[in-house]
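What follows is the content of upload-v5.cif, which has mmCIF, C-alpha atoms and all ligand atoms:
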```cif
data_start
#
loop_
_atom_site.label_atom_id
_atom_site.label_comp_id
_atom_site.auth_asym_id
_atom_site.auth_seq_id
_atom_site.Cartn_x
_atom_site.Cartn_y
_atom_site.Cartn_z
CA MET A 38 27.43 -16.87 -8.36
CA CYS A 39 25.23 -16.16 -11.33
CA ASP A 40 25.42 -12.43 -12.05
CA THR A 41 22.30 -12.05 -14.08
CA CYS A 42 19.69 -13.60 -11.89
CA GLY A 43 21.57 -13.59 -8.58
CA CYS A 44 21.03 -17.24 -7.83
CA ASN A 45 23.83 -19.35 -6.48
CA LEU A 46 24.23 -21.37 -9.63
CA THR A 47 27.72 -22.24 -10.87
CA PRO A 48 28.84 -24.77 -13.47
CA GLY A 49 29.96 -26.92 -10.55
CA ASN A 50 26.63 -27.12 -8.77
CA GLN A 51 24.35 -26.85 -11.77
CA HIS A 52 23.45 -30.52 -11.59
CA LEU A 53 22.22 -29.97 -8.04
CA ALA A 54 20.11 -26.94 -8.90
CA PHE A 55 18.56 -28.80 -11.77
CA LYS A 56 17.71 -31.85 -9.75
CA PRO A 57 14.10 -32.51 -10.67
CA VAL A 58 11.58 -31.98 -7.84
CA ALA A 59 8.87 -33.49 -10.00
CA LYS A 60 8.70 -34.67 -13.55
CA GLY A 61 9.74 -31.76 -15.74
CA ALA A 62 10.19 -29.36 -12.84
CA THR A 63 13.23 -27.87 -11.09
CA ALA A 64 13.59 -25.81 -7.94
CA VAL A 65 15.98 -22.88 -7.92
CA SER A 66 17.12 -21.09 -4.79
CA VAL A 67 17.44 -17.35 -5.47
CA LEU A 68 17.68 -15.42 -2.16
CA LYS A 69 17.59 -11.98 -3.67
CA GLY A 70 15.96 -8.79 -2.44
CA LEU A 71 12.78 -8.06 -4.35
CA LEU A 72 13.71 -4.42 -4.78
CA GLN A 73 17.27 -5.21 -5.88
CA LYS A 74 16.90 -3.34 -9.16
CA ASN A 75 15.79 -0.19 -7.35
CA ASP A 76 18.59 -0.63 -4.83
CA ASP A 77 21.19 -0.98 -7.59
CA GLN A 78 19.93 2.23 -9.18
CA ALA A 79 20.02 3.91 -5.77
CA GLY A 80 23.63 2.85 -5.39
CA HIS A 81 24.40 4.47 -8.74
CA ASN A 82 22.65 7.68 -7.65
CA ARG A 83 24.75 7.67 -4.50
CA GLU A 84 27.88 7.53 -6.66
CA HIS A 85 26.69 10.65 -8.48
CA PHE A 86 26.41 12.40 -5.10
CA ASP A 87 29.64 11.11 -3.61
CA ARG A 88 31.68 11.99 -6.68
CA ARG A 89 30.70 15.62 -6.10
CA GLY A 90 30.75 15.58 -2.30
CA ILE A 91 27.00 16.23 -2.20
CA LEU A 92 24.97 15.28 0.87
CA ALA A 93 21.56 13.95 -0.23
CA ILE A 94 18.66 14.11 2.22
CA ASN A 95 15.25 12.50 1.72
CA LEU A 96 12.38 14.34 3.45
CA MET A 97 9.33 12.25 4.26
CA SER A 98 6.06 12.92 6.11
CA SER A 99 2.28 12.89 5.86
CA PRO A 100 0.82 15.42 3.41
CA GLY A 101 0.95 18.90 4.92
CA SER A 102 3.38 18.24 7.77
CA GLY A 103 5.52 21.13 6.61
CA LYS A 104 8.23 19.68 4.33
CA THR A 105 8.14 22.54 1.85
CA ALA A 106 7.88 25.18 4.57
CA LEU A 107 10.90 23.65 6.31
CA LEU A 108 12.83 23.67 3.04
CA GLU A 109 11.96 27.33 2.40
CA ALA A 110 13.22 28.36 5.84
CA THR A 111 16.29 26.13 5.63
CA LEU A 112 17.33 27.35 2.17
CA VAL A 113 17.11 30.97 3.28
CA ALA A 114 19.14 30.26 6.42
CA LEU A 115 21.90 28.43 4.51
CA LYS A 116 21.95 30.77 1.52
CA ASP A 117 25.25 32.54 2.23
CA GLU A 118 27.02 29.41 3.40
CA PHE A 119 26.14 26.60 1.00
CA THR A 120 24.76 25.81 -2.43
CA CYS A 121 21.56 23.82 -2.20
CA ALA A 122 19.37 22.09 -4.77
CA VAL A 123 15.95 20.48 -4.42
CA ILE A 124 14.18 17.61 -6.12
CA GLU A 125 10.44 18.03 -5.64
CA GLY A 126 8.49 14.81 -5.62
CA ASP A 127 5.50 16.09 -3.70
CA LEU A 128 2.30 16.75 -5.62
CA GLU A 129 3.13 19.03 -8.51
CA THR A 130 -0.21 20.79 -8.16
CA GLU A 131 1.02 22.29 -4.89
CA ASN A 132 3.64 24.25 -6.84
CA ASP A 133 6.29 23.29 -4.31
CA ALA A 134 9.05 23.69 -6.91
CA GLU A 135 7.92 27.26 -7.56
CA ARG A 136 8.03 27.99 -3.82
CA ILE A 137 11.65 26.75 -3.76
CA ARG A 138 12.70 28.68 -6.88
CA ALA A 139 11.25 31.81 -5.30
CA LYS A 140 14.07 31.46 -2.76
CA GLY A 141 16.63 31.52 -5.58
CA VAL A 142 17.40 27.80 -5.36
CA GLN A 143 17.51 25.27 -8.19
CA ALA A 144 14.47 22.99 -8.02
CA HIS A 145 13.48 20.13 -10.28
CA GLN A 146 9.88 18.90 -10.19
CA ILE A 147 9.41 15.17 -10.69
CA VAL A 148 6.15 14.46 -12.42
CA THR A 149 4.85 11.59 -10.34
CA GLY A 150 1.33 11.51 -11.72
CA THR A 151 -0.58 9.34 -9.31
CA ALA A 152 2.53 7.66 -7.87
CA CYS A 153 2.53 7.41 -4.11
CA HIS A 154 6.32 7.30 -3.70
CA LEU A 155 9.54 8.19 -5.46
CA ASP A 156 11.90 5.49 -6.63
CA ALA A 157 15.57 5.50 -7.54
CA HIS A 158 14.89 5.62 -11.28
CA LEU A 159 12.71 8.73 -11.02
CA VAL A 160 15.43 10.43 -8.99
CA HIS A 161 18.12 9.41 -11.47
CA ASP A 162 16.17 10.92 -14.37
CA ALA A 163 15.89 14.12 -12.34
CA LEU A 164 19.62 14.17 -11.53
CA HIS A 165 20.52 14.15 -15.19
CA GLN A 166 18.43 17.26 -15.76
CA MET A 167 20.06 19.24 -12.97
CA LYS A 168 23.27 21.17 -12.51
CA LEU A 169 24.97 19.29 -9.69
CA ASP A 170 28.47 20.78 -9.82
CA GLY A 171 29.15 22.87 -6.75
CA VAL A 172 26.06 21.66 -4.91
CA ASP A 173 26.57 20.95 -1.18
CA PHE A 174 23.08 19.84 -0.09
CA LEU A 175 20.55 18.06 -2.26
CA PHE A 176 17.14 17.83 -0.61
CA ILE A 177 14.59 15.41 -2.00
CA GLU A 178 11.00 16.14 -0.95
CA ASN A 179 9.23 12.80 -1.19
CA VAL A 180 5.52 12.28 -1.81
CA GLY A 181 3.46 13.06 1.29
CA ASN A 182 2.82 9.51 2.51
CA LEU A 183 3.96 7.67 5.63
CA VAL A 184 3.81 4.21 4.05
CA CYS A 185 5.40 3.57 0.66
CA PRO A 186 8.37 5.98 0.53
CA ALA A 187 10.14 4.13 3.37
CA SER A 188 10.57 1.01 1.22
CA PHE A 189 12.41 2.65 -1.69
CA ASP A 190 16.05 3.66 -1.43
CA LEU A 191 16.67 6.71 -3.63
CA GLY A 192 20.42 6.95 -3.11
CA GLN A 193 20.08 9.46 -0.28
CA HIS A 194 22.52 9.44 2.61
CA LEU A 195 19.98 10.43 5.25
CA ASN A 196 16.26 10.14 5.87
CA VAL A 197 14.53 12.96 7.72
CA THR A 198 10.96 12.26 8.83
CA LEU A 199 8.65 15.10 9.86
CA LEU A 200 5.82 14.80 12.36
CA SER A 201 3.72 17.91 12.88
CA VAL A 202 2.08 18.61 16.22
CA THR A 203 -1.31 18.66 14.49
CA GLU A 204 -0.92 14.90 13.97
CA GLY A 205 -0.96 12.31 16.74
CA ASP A 206 2.14 11.85 18.90
CA ASP A 207 1.64 8.09 18.40
CA LYS A 208 2.37 8.28 14.65
CA PRO A 209 5.78 6.55 15.11
CA ALA A 210 3.97 3.57 16.67
CA LYS A 211 1.38 3.53 13.88
CA TYR A 212 3.93 3.81 11.07
CA PRO A 213 6.92 1.89 12.45
CA VAL A 214 8.48 1.12 9.08
CA MET A 215 8.68 4.82 8.23
CA PHE A 216 9.91 6.06 11.61
CA ARG A 217 12.40 3.22 12.00
CA ALA A 218 14.00 4.53 8.80
CA ALA A 219 14.50 8.07 10.12
CA ASP A 220 18.03 9.38 10.69
CA ALA A 221 16.39 12.40 12.27
CA MET A 222 12.81 13.01 13.36
CA LEU A 223 11.57 16.59 13.26
CA VAL A 224 8.57 17.56 15.35
CA THR A 225 7.26 20.47 13.29
CA LYS A 226 4.85 23.40 13.79
CA THR A 227 5.76 23.66 17.49
CA ASP A 228 4.33 27.21 17.47
CA LEU A 229 0.95 25.46 17.60
CA LEU A 230 1.78 23.43 20.72
CA ALA A 231 0.33 26.13 22.95
CA VAL A 232 -3.13 25.65 21.44
CA LEU A 233 -2.90 21.86 21.08
CA ASP A 234 -2.86 20.11 24.43
CA ASP A 235 -2.98 16.55 23.10
CA PHE A 236 0.42 16.38 21.40
CA ASP A 237 3.27 15.48 23.74
CA PRO A 238 6.70 15.71 22.02
CA ASP A 239 8.22 13.52 24.75
CA LYS A 240 5.72 10.78 23.95
CA ALA A 241 6.50 11.04 20.23
CA GLU A 242 10.18 10.63 21.08
CA ALA A 243 9.47 7.64 23.36
CA HIS A 244 7.58 5.93 20.52
CA LEU A 245 10.62 6.52 18.30
CA ARG A 246 12.92 4.87 20.87
CA HIS A 247 10.59 1.89 21.05
CA LEU A 248 11.49 1.33 17.41
CA ALA A 249 15.11 0.96 18.54
CA ASN A 250 15.87 4.22 16.75
CA PRO A 251 18.51 6.46 18.36
CA ALA A 252 17.94 9.29 15.83
CA PRO A 253 17.82 12.83 17.20
CA ALA A 254 14.29 14.20 17.69
CA MET A 255 14.38 17.94 17.05
CA ARG A 256 11.47 20.27 17.70
CA LEU A 257 10.99 23.29 15.50
CA SER A 258 8.67 25.73 13.82
CA ALA A 259 9.73 26.73 10.33
CA ARG A 260 7.00 29.37 10.24
CA LYS A 261 8.06 31.10 13.47
CA GLY A 262 11.78 30.27 13.28
CA LEU A 263 11.77 28.29 16.54
CA GLY A 264 14.34 25.56 17.11
CA MET A 265 15.88 26.03 13.67
CA GLU A 266 19.44 26.42 14.95
CA ALA A 267 19.68 22.81 16.22
CA TRP A 268 18.47 21.55 12.83
CA LEU A 269 20.90 23.75 10.91
CA THR A 270 23.76 22.65 13.17
CA TRP A 271 22.84 19.03 12.54
CA LEU A 272 22.87 19.68 8.77
CA ARG A 273 26.31 21.31 8.95
CA GLU A 274 27.65 18.36 10.97
CA GLN A 275 26.18 15.87 8.53
CA LEU A 276 27.74 17.67 5.56
CA ALA A 277 31.12 17.68 7.30
CA ALA A 278 30.73 13.93 7.97
CA GLN A 279 29.86 13.35 4.31
CA ARG A 280 32.95 15.27 3.16
CA ALA A 281 35.10 13.23 5.55
CA ARG A 282 33.64 9.98 4.16
CA VAL A 283 34.13 11.05 0.58
CA ALA A 284 37.77 11.95 1.32
CA ILE A 285 38.47 8.34 2.26
CA GLY A 286 36.32 6.82 -0.46
CA GLN A 287 33.42 5.80 1.73
CA SER A 288 29.70 6.41 1.55
CA ARG A 289 26.70 6.04 3.79
CA ARG A 290 23.24 4.60 3.39
CA PRO A 291 20.39 5.63 5.65
CA ALA A 292 20.97 3.86 8.96
CA ILE A 293 18.17 1.40 8.59
CA GLN A 294 18.88 0.28 5.06
CA SER A 295 22.45 -0.69 5.79
CA ASP A 296 22.10 -3.15 8.62
CA GLY A 297 19.24 -5.37 7.48
CA GLN A 298 20.87 -7.73 4.99
CA ARG A 299 24.19 -7.81 6.84
CA LEU A 300 22.66 -9.02 10.09
CA HIS A 301 20.35 -11.62 8.71
CA ARG A 302 21.25 -15.18 9.33
CA VAL A 303 20.76 -17.42 6.38
CA THR A 304 17.33 -18.81 7.06
CA ALA A 305 16.73 -20.79 3.93
CA MET B 77 -0.18 1.38 -3.12
CA HIS B 78 3.37 0.36 -3.78
CA GLU B 79 2.59 -3.37 -3.64
CA LEU B 80 1.92 -3.25 -7.39
CA ALA B 81 5.43 -1.85 -7.94
CA VAL B 82 6.82 -4.61 -5.73
CA ALA B 83 4.80 -7.24 -7.63
CA GLN B 84 6.17 -5.90 -10.93
CA ALA B 85 9.73 -6.11 -9.58
CA LEU B 86 9.01 -9.69 -8.50
CA VAL B 87 7.70 -10.63 -11.95
CA GLU B 88 10.81 -9.14 -13.56
CA GLN B 89 13.09 -11.11 -11.26
CA VAL B 90 11.28 -14.40 -11.72
CA ASP B 91 11.25 -13.83 -15.46
CA SER B 92 15.02 -13.51 -15.49
CA VAL B 93 15.34 -16.72 -13.47
CA ILE B 94 13.09 -18.47 -15.99
CA ARG B 95 15.23 -17.20 -18.88
CA GLN B 96 18.53 -18.02 -17.16
CA HIS B 97 17.47 -21.58 -16.63
CA ASN B 98 15.86 -22.08 -20.03
CA ALA B 99 12.62 -23.03 -18.34
CA SER B 100 9.21 -22.63 -19.90
CA SER B 101 7.37 -21.29 -16.87
CA ALA B 102 7.37 -20.94 -13.10
CA SER B 103 4.94 -23.01 -11.06
CA LEU B 104 5.78 -21.86 -7.53
CA ILE B 105 7.29 -18.61 -6.31
CA ARG B 106 8.35 -18.39 -2.69
CA VAL B 107 8.85 -14.94 -1.15
CA ARG B 108 10.04 -14.33 2.41
CA ILE B 109 8.50 -11.22 3.85
CA GLY B 110 8.89 -9.62 7.26
CA PRO B 111 6.45 -7.19 8.89
CA LEU B 112 9.14 -4.47 8.88
CA ALA B 113 9.59 -4.61 5.11
CA GLY B 114 6.66 -2.25 4.69
CA VAL B 115 4.86 -4.52 2.26
CA VAL B 116 1.46 -5.94 3.18
CA PRO B 117 1.38 -9.64 2.20
CA GLU B 118 -2.34 -9.60 1.37
CA LEU B 119 -1.88 -6.60 -0.94
CA LEU B 120 1.13 -8.20 -2.61
CA ALA B 121 -0.87 -11.39 -3.13
CA SER B 122 -3.68 -9.49 -4.82
CA ALA B 123 -1.30 -7.35 -6.91
CA PHE B 124 0.65 -10.35 -8.17
CA PRO B 125 -1.96 -11.67 -10.67
CA LEU B 126 -2.20 -8.19 -12.22
CA ALA B 127 1.57 -7.94 -12.62
CA ALA B 128 1.90 -11.54 -13.82
CA ALA B 129 -0.93 -11.48 -16.38
CA GLY B 130 0.29 -12.82 -19.71
CA SER B 131 3.72 -13.73 -18.35
CA ARG B 132 5.36 -17.12 -17.97
CA MET B 133 4.32 -17.23 -14.32
CA GLU B 134 0.69 -16.31 -14.60
CA HIS B 135 -0.34 -19.74 -13.32
CA ALA B 136 2.30 -19.89 -10.61
CA GLU B 137 1.39 -20.24 -6.97
CA LEU B 138 2.74 -17.38 -4.86
CA ASP B 139 3.86 -18.65 -1.47
CA LEU B 140 4.43 -15.81 1.00
CA VAL B 141 6.47 -16.98 3.97
CA ALA B 142 6.12 -14.74 7.02
CA ALA B 143 9.39 -13.93 8.78
CA PRO B 144 9.06 -13.27 12.51
CA ILE B 145 10.62 -10.19 14.09
CA GLN B 146 13.74 -11.08 16.08
CA VAL B 147 15.95 -8.56 17.83
CA ARG B 148 19.32 -8.80 19.55
CA CYS B 149 19.86 -6.64 22.62
CA GLN B 150 23.03 -4.58 22.59
CA THR B 151 22.87 -4.22 26.35
CA CYS B 152 22.27 -7.77 27.61
CA GLY B 153 22.83 -9.78 24.43
CA ALA B 154 19.50 -11.62 24.54
CA GLU B 155 17.82 -12.57 21.28
CA THR B 156 14.05 -12.28 21.57
CA GLU B 157 10.92 -11.88 19.49
CA ALA B 158 9.47 -8.39 19.26
CA ALA B 159 6.29 -6.66 18.12
CA LEU B 160 6.19 -4.40 15.08
CA ASN B 161 6.09 -1.15 17.04
CA ARG B 162 8.00 -2.29 20.12
CA LEU B 163 11.41 -3.44 18.96
CA ILE B 164 12.68 -3.59 22.52
CA CYS B 165 14.54 -6.38 24.30
CA GLY B 166 12.17 -9.06 25.61
CA ALA B 167 14.60 -9.86 28.43
CA CYS B 168 15.68 -6.52 29.89
CA GLY B 169 13.38 -4.03 28.11
CA ASP B 170 16.18 -1.89 26.67
CA TRP B 171 15.49 -0.26 23.29
CA HIS B 172 19.08 -0.51 22.06
CA THR B 173 18.48 -3.51 19.84
CA GLN B 174 19.28 -4.65 16.33
CA VAL B 175 16.78 -6.35 14.09
CA LEU B 176 17.99 -9.85 13.20
CA SER B 177 14.99 -10.74 11.10
CA GLY B 178 11.62 -9.31 10.25
CA ASP B 179 12.56 -6.68 7.66
CA GLU B 180 13.35 -9.00 4.78
CA LEU B 181 11.69 -8.91 1.40
CA LEU B 182 13.34 -11.74 -0.49
CA LEU B 183 12.68 -13.87 -3.50
CA GLU B 184 13.62 -17.11 -1.81
CA SER B 185 13.10 -19.77 -4.45
CA VAL B 186 11.28 -20.58 -7.66
CA GLU B 187 10.04 -23.88 -9.02
CA LEU B 188 10.41 -24.04 -12.75
CA GLU B 189 8.73 -26.12 -15.41
CA THR B 190 11.30 -27.21 -17.93
CA ALA B 191 10.27 -28.12 -21.42
CA PRO B 192 12.10 -31.39 -22.24
CA SER B 193 13.92 -29.95 -25.25
CA LEU B 194 15.24 -27.04 -23.20
CA ILE B 195 16.98 -28.93 -20.40
CA PRO B 196 20.44 -27.36 -20.30
CA GLU B 197 23.48 -29.36 -21.23
CA SER B 198 26.02 -29.92 -18.49
N1 LIG C 1 1.66 27.10 12.23
C1 LIG C 1 2.53 26.57 11.38
N2 LIG C 1 2.12 26.16 10.15
C2 LIG C 1 3.02 25.60 9.32
C3 LIG C 1 4.39 25.45 9.69
N3 LIG C 1 5.03 24.84 8.66
C4 LIG C 1 4.12 24.66 7.69
N4 LIG C 1 2.91 25.12 8.07
C5 LIG C 1 1.66 25.12 7.29
O1 LIG C 1 1.26 23.78 7.01
C6 LIG C 1 0.70 23.67 5.71
C7 LIG C 1 1.45 22.62 4.90
O2 LIG C 1 2.79 22.99 4.78
P1 LIG C 1 3.71 22.45 3.60
O3 LIG C 1 5.09 22.97 3.83
O4 LIG C 1 3.13 22.74 2.27
O5 LIG C 1 3.64 20.89 3.89
P2 LIG C 1 4.13 19.65 2.97
O6 LIG C 1 2.93 19.09 2.29
O7 LIG C 1 4.70 18.66 3.94
O8 LIG C 1 5.16 20.16 2.02
C8 LIG C 1 0.81 25.06 5.09
O9 LIG C 1 -0.43 25.70 5.25
C9 LIG C 1 1.88 25.73 5.91
O10 LIG C 1 1.74 27.12 5.97
C10 LIG C 1 4.79 25.89 11.01
O11 LIG C 1 5.95 25.80 11.41
N5 LIG C 1 3.82 26.43 11.80
MG MG C 2 5.31 19.96 -0.08
ZN ZN C 3 20.80 -18.28 -12.12
ZN ZN C 4 23.71 8.23 -13.85
ZN ZN C 5 3.80 3.91 -3.12
ZN ZN C 6 18.35 -6.82 26.90
#
```
Can you turn what I pasted into structure tokens?
Amino acid sequence: MCDTCGCNLTPGNQHLAFKPVAKGATAVSVLKGLLQKNDDQAGHNREHFDRRGILAINLMSSPGSGKTALLEATLVALKDEFTCAVIEGDLETENDAERIRAKGVQAHQIVTGTACHLDAHLVHDALHQMKLDGVDFLFIENVGNLVCPASFDLGQHLNVTLLSVTEGDDKPAKYPVMFRAADAMLVTKTDLLAVLDDFDPDKAEAHLRHLANPAPAMRLSARKGLGMEAWLTWLREQLAAQRARVAIGQSRRPAIQSDGQRLHRVTA
Amino acid sequence: MHELAVAQALVEQVDSVIRQHNASSASLIRVRIGPLAGVVPELLASAFPLAAAGSRMEHAELDLVAAPIQVRCQTCGAETEAALNRLICGACGDWHTQVLSGDELLLESVELETAPSLIPES
């Protein structure tokens, strides 16, 4: 195995790999994930987290689905129990980091410019500018976008995808890559359900199951404090699971990112 | 659009293959891409020339091989094809399935042009 380029070239089979396919040309089989470099960096980020027993959670949604509002309510609820920190990747103009700091929680704003997603390198740069010792939960608020962020592993242990009731309940069917990646789906702004008769939370959950995703679908309103207890209980359970993994030297990747490569048959 | 970022990662990878093998350029780049990878083949194809401009693969042909979605049912064991937003078992309809293929995003192979003087010694 050739470490640098990942191809299957060894001194023993080099003559095969270099067998000319045409005059002056050679074909090389590589079989390597295109985002390998990002994934390697994500693995390194995960080591930073695991070394300190931190549980890292990546929050993804459309713009305005309520990621920052959920964080505000969550940080207040967990304040006396845990130490939290936040990496803000959502549009800096929204002053999301300021909203978090107003709750007395460490927040680092990633300057994404026009970027439509975070990647593992951006998160790593942020990590090295933060105080991570003693942190229990690290929340990463991704860029509001249901497309790109799903493709980039950041080193998080869990993906949480928000779907507000002001969006369509068929969003999981329209954005399957994103919702397939969710370790939990949160139906947010449920206080508005009374005035919106076209969003059916059961339908949203059915669309999620059609993506073969067993993730819990929790319904809540951060603004009105509805359904928050189930979410907070889930967070506590997930932190306990992370501590148990760390104690035996194991880690966890978001459910979807771990099975892909392992299951694939060699097709080439 | 993140396809440009993916194209840049591809160019970096192919460049390291070119260097590893002391080749002068790449003439064909084959990428296997499944619908569940979250990368739109057409967008990747149009981002590639931008990312490859001035590199040793700027004249390479980019061959995007579509990988079909295949799932294995955990209830009945059947292996069937599935649609992007219905990853359910084609035999019994259960949603407890695992994706066998369709989410890959792989640099499969590269064809290299070797300058005669640079052919590696064995
Ligand atoms: N009615 C209602 N509005 C909410 C709730 N959560 C957030 N919002 C509103 O939705 C808008 C976007 O919320 P924000 O947290 O900034 O969304 P983000 O872009 O995903 O971070 C703001 O006007 C919030 O006040 C909720 O639970 N109920
Ligand atoms: Mg926000
Ligand atoms: Zn090699
Ligand atoms: Zn580091
Ligand atoms: Zn993007
Ligand atoms: Zn079945």
Atom CA of Val184 of chain A to atom CA of Thr151 of chain A, distance in Å rounded to a single decimal: 15.0 Å
Compile a residue-level contact table for chain A against chain B at a cut-off of 6 Å, reporting for every qualifying residue the shortest atom pair and its distance in Å to one decimal, with all atoms listed in the file counted, rows ordered by chain and ascending number, as JSON lines.
```
{"residue": "A:Cys42", "atom": "CA", "partner": "B:Val93", "partner_atom": "CA", "distance": 5.6}
{"residue": "A:Gly61", "atom": "CA", "partner": "B:Thr190", "partner_atom": "CA", "distance": 5.3}
{"residue": "A:Ala62", "atom": "CA", "partner": "B:Glu189", "partner_atom": "CA", "distance": 4.4}
{"residue": "A:Thr63", "atom": "CA", "partner": "B:Leu188", "partner_atom": "CA", "distance": 5.0}
{"residue": "A:Ala64", "atom": "CA", "partner": "B:Glu187", "partner_atom": "CA", "distance": 4.2}
{"residue": "A:Val65", "atom": "CA", "partner": "B:Val186", "partner_atom": "CA", "distance": 5.2}
{"residue": "A:Ser66", "atom": "CA", "partner": "B:Ser185", "partner_atom": "CA", "distance": 4.2}
{"residue": "A:Val67", "atom": "CA", "partner": "B:Ser185", "partner_atom": "CA", "distance": 5.1}
{"residue": "A:Leu68", "atom": "CA", "partner": "B:Glu184", "partner_atom": "CA", "distance": 4.4}
{"residue": "A:Lys69", "atom": "CA", "partner": "B:Leu183", "partner_atom": "CA", "distance": 5.3}
{"residue": "A:Gly70", "atom": "CA", "partner": "B:Leu182", "partner_atom": "CA", "distance": 4.4}
{"residue": "A:Leu71", "atom": "CA", "partner": "B:Leu182", "partner_atom": "CA", "distance": 5.4}
{"residue": "A:Cys185", "atom": "CA", "partner": "B:His78", "partner_atom": "CA", "distance": 5.8}
{"residue": "A:Ala210", "atom": "CA", "partner": "B:Asn161", "partner_atom": "CA", "distance": 5.2}
{"residue": "A:Pro213", "atom": "CA", "partner": "B:Asn161", "partner_atom": "CA", "distance": 5.6}
{"residue": "A:Val214", "atom": "CA", "partner": "B:Leu112", "partner_atom": "CA", "distance": 5.6}
{"residue": "A:His247", "atom": "CA", "partner": "B:Arg162", "partner_atom": "CA", "distance": 5.0}
{"residue": "A:Leu248", "atom": "CA", "partner": "B:Leu163", "partner_atom": "CA", "distance": 5.0}
{"residue": "A:Ala249", "atom": "CA", "partner": "B:Trp171", "partner_atom": "CA", "distance": 4.9}
{"residue": "A:Leu300", "atom": "CA", "partner": "B:Leu176", "partner_atom": "CA", "distance": 5.7}
{"residue": "A:His301", "atom": "CA", "partner": "B:Leu176", "partner_atom": "CA", "distance": 5.4}
```
Point (29.2, 14.7, -4.5), cut-off 12 Å, counting all atoms listed in the file, residues as a ChimeraX atom specification: /A:82-93,164,168-175,192-194,276,279-284,286-288
Only C-alpha atoms, please: the residues just picked out, written as a CSV table (one decimal), in the frame of the given file.
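Everything below was put into again-v4.csv:
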```csv
chain,number,residue,atom,x,y,z
A,82,ASN,CA,22.6,7.7,-7.6
A,83,ARG,CA,24.8,7.7,-4.5
A,84,GLU,CA,27.9,7.5,-6.7
A,85,HIS,CA,26.7,10.6,-8.5
A,86,PHE,CA,26.4,12.4,-5.1
A,87,ASP,CA,29.6,11.1,-3.6
A,88,ARG,CA,31.7,12.0,-6.7
A,89,ARG,CA,30.7,15.6,-6.1
A,90,GLY,CA,30.8,15.6,-2.3
A,91,ILE,CA,27.0,16.2,-2.2
A,92,LEU,CA,25.0,15.3,0.9
A,93,ALA,CA,21.6,14.0,-0.2
A,164,LEU,CA,19.6,14.2,-11.5
A,168,LYS,CA,23.3,21.2,-12.5
A,169,LEU,CA,25.0,19.3,-9.7
A,170,ASP,CA,28.5,20.8,-9.8
A,171,GLY,CA,29.2,22.9,-6.8
A,172,VAL,CA,26.1,21.7,-4.9
A,173,ASP,CA,26.6,21.0,-1.2
A,174,PHE,CA,23.1,19.8,-0.1
A,175,LEU,CA,20.6,18.1,-2.3
A,192,GLY,CA,20.4,7.0,-3.1
A,193,GLN,CA,20.1,9.5,-0.3
A,194,HIS,CA,22.5,9.4,2.6
A,276,LEU,CA,27.7,17.7,5.6
A,279,GLN,CA,29.9,13.4,4.3
A,280,ARG,CA,33.0,15.3,3.2
A,281,ALA,CA,35.1,13.2,5.6
A,282,ARG,CA,33.6,10.0,4.2
A,283,VAL,CA,34.1,11.0,0.6
A,284,ALA,CA,37.8,12.0,1.3
A,286,GLY,CA,36.3,6.8,-0.5
A,287,GLN,CA,33.4,5.8,1.7
A,288,SER,CA,29.7,6.4,1.6
```
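Picture a line from atom CA of Ile145 of chain B to atom CA of Leu119 of chain B; it runs 19.9 Å.
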Atomic separation - atom CA of Leu80 of chain B relative to atom CA of Asp139 of chain B, Å: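 Taking atom CA of Asp139 of chain B and atom CA of Leu80 of chain B, their separation equals 16.6 Å.
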Polymer residues at most 12 Å from Leu229 of chain A, all atoms listed in the file, same-chain spacing of 3 or more positions, as an MDAnalysis selection string: chainID A and resid 201:204 224:226 232:237 256:261 263
Any chance you could export the current selection's C-alpha atoms as a CSV table (one decimal), in the frame of the given file?
```csv
chain,number,residue,atom,x,y,z
A,201,SER,CA,3.7,17.9,12.9
A,202,VAL,CA,2.1,18.6,16.2
A,203,THR,CA,-1.3,18.7,14.5
A,204,GLU,CA,-0.9,14.9,14.0
A,224,VAL,CA,8.6,17.6,15.4
A,225,THR,CA,7.3,20.5,13.3
A,226,LYS,CA,4.8,23.4,13.8
A,232,VAL,CA,-3.1,25.6,21.4
A,233,LEU,CA,-2.9,21.9,21.1
A,234,ASP,CA,-2.9,20.1,24.4
A,235,ASP,CA,-3.0,16.6,23.1
A,236,PHE,CA,0.4,16.4,21.4
A,237,ASP,CA,3.3,15.5,23.7
A,256,ARG,CA,11.5,20.3,17.7
A,257,LEU,CA,11.0,23.3,15.5
A,258,SER,CA,8.7,25.7,13.8
A,259,ALA,CA,9.7,26.7,10.3
A,260,ARG,CA,7.0,29.4,10.2
A,261,LYS,CA,8.1,31.1,13.5
A,263,LEU,CA,11.8,28.3,16.5
```
Given a cut-off of 7 Å, what residues near ligand MG 2 (chain C) show up using all atoms listed in the file, put as a PDB file with C-alpha atoms, in the coordinates of the input?
```
ATOM      1  CA  GLY A 101       0.950  18.900   4.920  1.00  0.00           C
ATOM      2  CA  GLY A 103       5.520  21.130   6.610  1.00  0.00           C
ATOM      3  CA  LYS A 104       8.230  19.680   4.330  1.00  0.00           C
ATOM      4  CA  THR A 105       8.140  22.540   1.850  1.00  0.00           C
ATOM      5  CA  ASP A 127       5.500  16.090  -3.700  1.00  0.00           C
ATOM      6  CA  GLU A 131       1.020  22.290  -4.890  1.00  0.00           C
ATOM      7  CA  ASP A 133       6.290  23.290  -4.310  1.00  0.00           C
ATOM      8  CA  GLU A 178      11.000  16.140  -0.950  1.00  0.00           C
TER       9      GLU A 178
END
```
For Asp220 of chain A: contacts at 9 Å, all atoms listed in the file, fewer than 4 positions along chain excluded, given as a ChimeraX atom specification: /A:195-198,216,250-253,291-293
